[in-house]
Amino acid sequence: MYDRATLTGCLALLLGILAGSCDGAQSRSTKDLELALKQSVAEHPDSFEANYLLGEFYLHADKLAEAVPYMQRAHQADTGHYACGYDLALAQFELGKYVKARDVIRGMLGRQNSAELHGLLADVEEKAGDYVAAVNEYQTATQLDPSEVHIIDLGS
């Protein structure tokens with residue numbers, strides 16, 4: 001069984017692997033980490049922490065389709081966790097699941113109104129073909145945070 005300290009150690013290992021180059025030793029460590037995270041989820045299927053860490057592992061390995069189910073379970077366990085919700089919505093968006101991404105973002109906006117969320121929702125609406133909604137979201141993002149990034153998004 002993996003406790004919080006072990007999971008925290010797994011996360012530290014994950015971050016170390018992601019920061020370094022990929023050689024044979026790191027590849028083995030990556031496999032060991034994946035197995036440990038999977039075992040943790042198997043033992044604690046409703047755990048936010050276990051699902052979130054495995055989801056993040058897959059996101060950083062650029063395995064979005066594998067990450068989504070774990071991120072969804074983590075998000076259901078803690079809908080107020082901003083990074084989890086954002087990463088889930090972004091993964092859904094990148095997989096072309098615009099309705100699902102939109103639903104996650106709108107739920108998050110009900111708890112936290114941020115330019116970052118409005119910008120992501122604008123991207124979702126644009127890809128889904130709802131250009132009027134996209135412009136409105138880009139405009140809201142710019143009003144909340146009139147930074148260069150949001151102004152350029154709105155202008156384009």
# chains A, B, ... in the order shown; residues from 1 in each chain; ligands from 1

$ select_by_dssp --residues "stretch 1-155 of chain A" --states "helix (DSSP H, G or I)" --output "ChimeraX atom specification"
/A:4-19,24-43,48-60,64-77,82-94,98-109,115-128,131-144,148-155

$ closest_residue --among "A:Leu88, A:Tyr82, A:Lys100, A:Val132" --to "A:Ser114" --atoms "only C-alpha atoms"
A:Tyr82

$ residues_around --residues "A:Ala141" --least-positions-apart "5" --cutoff "9 Å" --atoms "only C-alpha atoms" --output "list in words"
Ser114, Ala115, Glu116, Leu117, His118, Gly119, Ala122, Asn136, Pro146, His150, Ile151 and Leu154 of chain A

$ write_last_selection --atoms "N, CA, C and O atoms" --output "PDB file, in the first residue's frame"
ATOM      1  N   SER A 114     -11.620  33.487 -13.898  1.00  0.00           N
ATOM      2  CA  SER A 114     -10.250  33.881 -14.229  1.00  0.00           C
ATOM      3  C   SER A 114     -10.098  34.084 -15.731  1.00  0.00           C
ATOM      4  O   SER A 114     -10.784  33.449 -16.538  1.00  0.00           O
ATOM      5  N   ALA A 115      -9.172  34.964 -16.074  1.00  0.00           N
ATOM      6  CA  ALA A 115      -8.875  35.225 -17.485  1.00  0.00           C
ATOM      7  C   ALA A 115      -8.365  33.958 -18.167  1.00  0.00           C
ATOM      8  O   ALA A 115      -8.701  33.689 -19.327  1.00  0.00           O
ATOM      9  N   GLU A 116      -7.579  33.180 -17.448  1.00  0.00           N
ATOM     10  CA  GLU A 116      -7.031  31.947 -18.009  1.00  0.00           C
ATOM     11  C   GLU A 116      -8.147  30.984 -18.432  1.00  0.00           C
ATOM     12  O   GLU A 116      -8.098  30.409 -19.519  1.00  0.00           O
ATOM     13  N   LEU A 117      -9.154  30.831 -17.584  1.00  0.00           N
ATOM     14  CA  LEU A 117     -10.276  29.949 -17.918  1.00  0.00           C
ATOM     15  C   LEU A 117     -11.092  30.494 -19.080  1.00  0.00           C
ATOM     16  O   LEU A 117     -11.496  29.743 -19.969  1.00  0.00           O
ATOM     17  N   HIS A 118     -11.335  31.805 -19.085  1.00  0.00           N
ATOM     18  CA  HIS A 118     -12.075  32.398 -20.206  1.00  0.00           C
ATOM     19  C   HIS A 118     -11.290  32.261 -21.508  1.00  0.00           C
ATOM     20  O   HIS A 118     -11.878  32.021 -22.574  1.00  0.00           O
ATOM     21  N   GLY A 119      -9.967  32.392 -21.437  1.00  0.00           N
ATOM     22  CA  GLY A 119      -9.144  32.212 -22.630  1.00  0.00           C
ATOM     23  C   GLY A 119      -9.215  30.790 -23.162  1.00  0.00           C
ATOM     24  O   GLY A 119      -9.325  30.574 -24.372  1.00  0.00           O
ATOM     25  N   ALA A 122     -12.560  30.273 -24.687  1.00  0.00           N
ATOM     26  CA  ALA A 122     -12.587  30.918 -26.003  1.00  0.00           C
ATOM     27  C   ALA A 122     -11.945  30.028 -27.059  1.00  0.00           C
ATOM     28  O   ALA A 122     -12.476  29.877 -28.159  1.00  0.00           O
ATOM     29  N   ASN A 136     -16.626  36.609 -27.428  1.00  0.00           N
ATOM     30  CA  ASN A 136     -17.102  37.068 -26.120  1.00  0.00           C
ATOM     31  C   ASN A 136     -16.183  36.589 -24.996  1.00  0.00           C
ATOM     32  O   ASN A 136     -15.894  37.337 -24.060  1.00  0.00           O
ATOM     33  N   PRO A 146      -5.849  42.504 -18.858  1.00  0.00           N
ATOM     34  CA  PRO A 146      -5.504  43.146 -20.130  1.00  0.00           C
ATOM     35  C   PRO A 146      -4.017  43.003 -20.493  1.00  0.00           C
ATOM     36  O   PRO A 146      -3.343  43.961 -20.832  1.00  0.00           O
ATOM     37  N   HIS A 150      -3.715  38.163 -23.879  1.00  0.00           N
ATOM     38  CA  HIS A 150      -5.169  38.194 -24.056  1.00  0.00           C
ATOM     39  C   HIS A 150      -5.576  39.208 -25.120  1.00  0.00           C
ATOM     40  O   HIS A 150      -6.527  38.974 -25.866  1.00  0.00           O
ATOM     41  N   ILE A 151      -4.881  40.312 -25.196  1.00  0.00           N
ATOM     42  CA  ILE A 151      -5.192  41.322 -26.209  1.00  0.00           C
ATOM     43  C   ILE A 151      -4.918  40.771 -27.612  1.00  0.00           C
ATOM     44  O   ILE A 151      -5.725  40.945 -28.532  1.00  0.00           O
ATOM     45  N   LEU A 154      -7.637  38.259 -28.510  1.00  0.00           N
ATOM     46  CA  LEU A 154      -8.867  38.963 -28.883  1.00  0.00           C
ATOM     47  C   LEU A 154      -8.736  39.547 -30.281  1.00  0.00           C
ATOM     48  O   LEU A 154      -9.660  39.449 -31.096  1.00  0.00           O
TER      49      LEU A 154
END

$ residues_around --residues "A:Val124" --least-positions-apart "2" --cutoff "10 Å" --atoms "only C-alpha atoms" --output "VMD selection string"
chain A and resid 89 to 90 92 to 94 96 to 102 105 118 to 122 126 to 131 133 to 134 137

$ closest_residue --among "A:Gln72, A:Gln139, A:Phe57, A:Tyr52" --to "A:Asp32" --atoms "only C-alpha atoms"
A:Phe57

$ residues_around --residues "A:Gly85" --least-positions-apart "6" --cutoff "8 Å" --atoms "only C-alpha atoms" --output "short mmCIF file (atom, residue, chain, number, x, y, z; two decimals) with N, CA and C atoms, in the first residue's frame"
data_model
loop_
_atom_site.label_atom_id
_atom_site.label_comp_id
_atom_site.auth_asym_id
_atom_site.auth_seq_id
_atom_site.Cartn_x
_atom_site.Cartn_y
_atom_site.Cartn_z
N MET A 71 -7.75 11.89 -14.60
CA MET A 71 -8.01 13.29 -14.29
C MET A 71 -9.49 13.51 -14.01
N HIS A 75 -10.90 14.95 -10.62
CA HIS A 75 -11.74 16.15 -10.66
C HIS A 75 -13.07 15.91 -9.96
N THR A 79 -13.62 18.91 -7.04
CA THR A 79 -13.94 19.84 -8.14
C THR A 79 -13.33 21.22 -7.93
N VAL A 104 -16.36 21.22 -18.28
CA VAL A 104 -15.42 21.33 -17.16
C VAL A 104 -15.11 22.81 -16.88
N ILE A 105 -14.83 23.56 -17.94
CA ILE A 105 -14.46 24.97 -17.77
C ILE A 105 -15.61 25.77 -17.18
N MET A 108 -15.88 25.17 -13.57
CA MET A 108 -14.81 25.86 -12.85
C MET A 108 -15.08 27.36 -12.76
#

$ atom_distance --atom1 "atom CA of A:Arg111" --atom2 "atom CA of A:Gln76"
14.4 Å
